[in-house]
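In what follows, a structure is listed as structure tokens, so that the remarks can point back to it.
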Amino acid sequence: MKRKGHDHKESFSILFISHAGQRNRQIDISQTASRVILFFLIFLLLILFGSAGVLGWMIYQGGVPGNGQNNLRAELEQQTQMVQQLEAEKESLNNEMQALAQENQDLRAKAEAETVPDNEEEAETEETETAASDDGIPRRYPSSSTSSLLSNYSEEEPYLSISMHEEGNIVATGNGTVITVSSDDTYPVIVEVEHEKGYKTRYLCRQEAEVKATEGAQVEAGDTLFTITTDETQLDYQILFEEEAIDPLTVIEAKG
């Protein structure tokens, strides 16, 4: 016959020790009961700590996002203010640009208005000068180059004496016809031009010169009659009105 073995169940003992002189107590707890108590304690801890975690999470969810939203609202409001300020500055700049453009336009209009009379005056002056030069009166100065006046008209010397430099040009002082191209013992070059209204002009050169004019040629005021070929050449310029010598300065205009 087989011997039947005895089942041994494990158990735990809890010893309560008294520090007041009383008897110590010992409680025996089976393995199953200890497991139940352990699970209960763990469940209780989970409930306690789980509630605290949930509460903390709720506080976090309720507080932190709210602060974040407030910060976002503040930043959004700041950005909006900046945009409004930039728009105001843009509008101000546009107004200034429009004002400058209008001012520039006004200045141009004013300048054009002031220029027109000047142009009209210049045109009138040119017309007057053209008319004056076309009337045949010898109003121009006889030299178109640099020269200097040596002596004025007098009864003893009824002409203007002018000192000329090489390559200087002697020009007709008015419209007319060349009637004389000649010379004598005093003047190697003599040119005489007949003008309208009883005027004649004589160009008397005391040194040799390169003659450009020919007898019978029609000349206009400013046309070259001869060119000076020697420095310090003396030209005696004479105007006759109805065959009488007159002071050329009474006829020559200031502009020559």
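We name chains A, B, ... following the order of the structure tokens; residues begin at 1 in each chain, and ligands are numbered from 1 as shown.
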
I'd like the contact shell of stretch 153-168 of chain A - 12 Å cut-off, only C-alpha atoms, skipping same-chain residues fewer than 3 positions apart - returned as a PyMOL selection string.
chain A and resi 141-150+171+201-210+224-240+244-250+252

Could you pull the residues within 12 Å of stretch 178-180 of chain A, counting only C-alpha atoms, minus those fewer than 6 positions along the same chain, as a PyMOL selection string?
chain A and resi 171-172+189-195+200-204+211-220+223-225

Write out the residues from the selection above, keeping C-alpha atoms, as an mmCIF file, in the first residue's frame.
data_model
loop_
_atom_site.group_PDB
_atom_site.id
_atom_site.type_symbol
_atom_site.label_atom_id
_atom_site.label_comp_id
_atom_site.auth_asym_id
_atom_site.auth_seq_id
_atom_site.Cartn_x
_atom_site.Cartn_y
_atom_site.Cartn_z
ATOM 1 C CA VAL A 171 33.446 141.752 -92.367
ATOM 2 C CA ALA A 172 30.747 143.729 -94.143
ATOM 3 C CA VAL A 189 43.927 146.922 -99.481
ATOM 4 C CA ILE A 190 40.849 149.103 -100.030
ATOM 5 C CA VAL A 191 37.330 147.695 -100.156
ATOM 6 C CA GLU A 192 34.248 149.860 -100.576
ATOM 7 C CA VAL A 193 30.645 148.659 -100.159
ATOM 8 C CA GLU A 194 27.541 150.572 -101.211
ATOM 9 C CA HIS A 195 24.464 150.158 -98.990
ATOM 10 C CA LYS A 200 28.694 153.587 -98.021
ATOM 11 C CA THR A 201 31.456 151.906 -96.034
ATOM 12 C CA ARG A 202 35.207 151.870 -96.671
ATOM 13 C CA TYR A 203 37.662 149.327 -95.247
ATOM 14 C CA LEU A 204 41.203 150.702 -95.522
ATOM 15 C CA VAL A 211 41.116 139.749 -100.043
ATOM 16 C CA LYS A 212 37.926 137.622 -100.236
ATOM 17 C CA ALA A 213 35.562 140.133 -101.851
ATOM 18 C CA THR A 214 35.242 140.905 -105.558
ATOM 19 C CA GLU A 215 33.786 143.948 -107.257
ATOM 20 C CA GLY A 216 30.117 143.642 -108.064
ATOM 21 C CA ALA A 217 29.494 140.910 -105.456
ATOM 22 C CA GLN A 218 26.461 141.102 -103.217
ATOM 23 C CA VAL A 219 27.356 140.775 -99.528
ATOM 24 C CA GLU A 220 25.363 140.482 -96.367
ATOM 25 C CA ASP A 223 30.352 138.284 -94.725
ATOM 26 C CA THR A 224 34.167 138.283 -94.776
ATOM 27 C CA LEU A 225 35.725 140.930 -97.030
#

Non-local contacts of A:Glu253 (10 Å; only C-alpha atoms; under 6 positions in same chain excluded) as a PyMOL selection string
chain A and resi 132+138-141

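Interatomic distance, atom CA of A:Glu114 to atom CA of A:Gln102: 18.3 Å.
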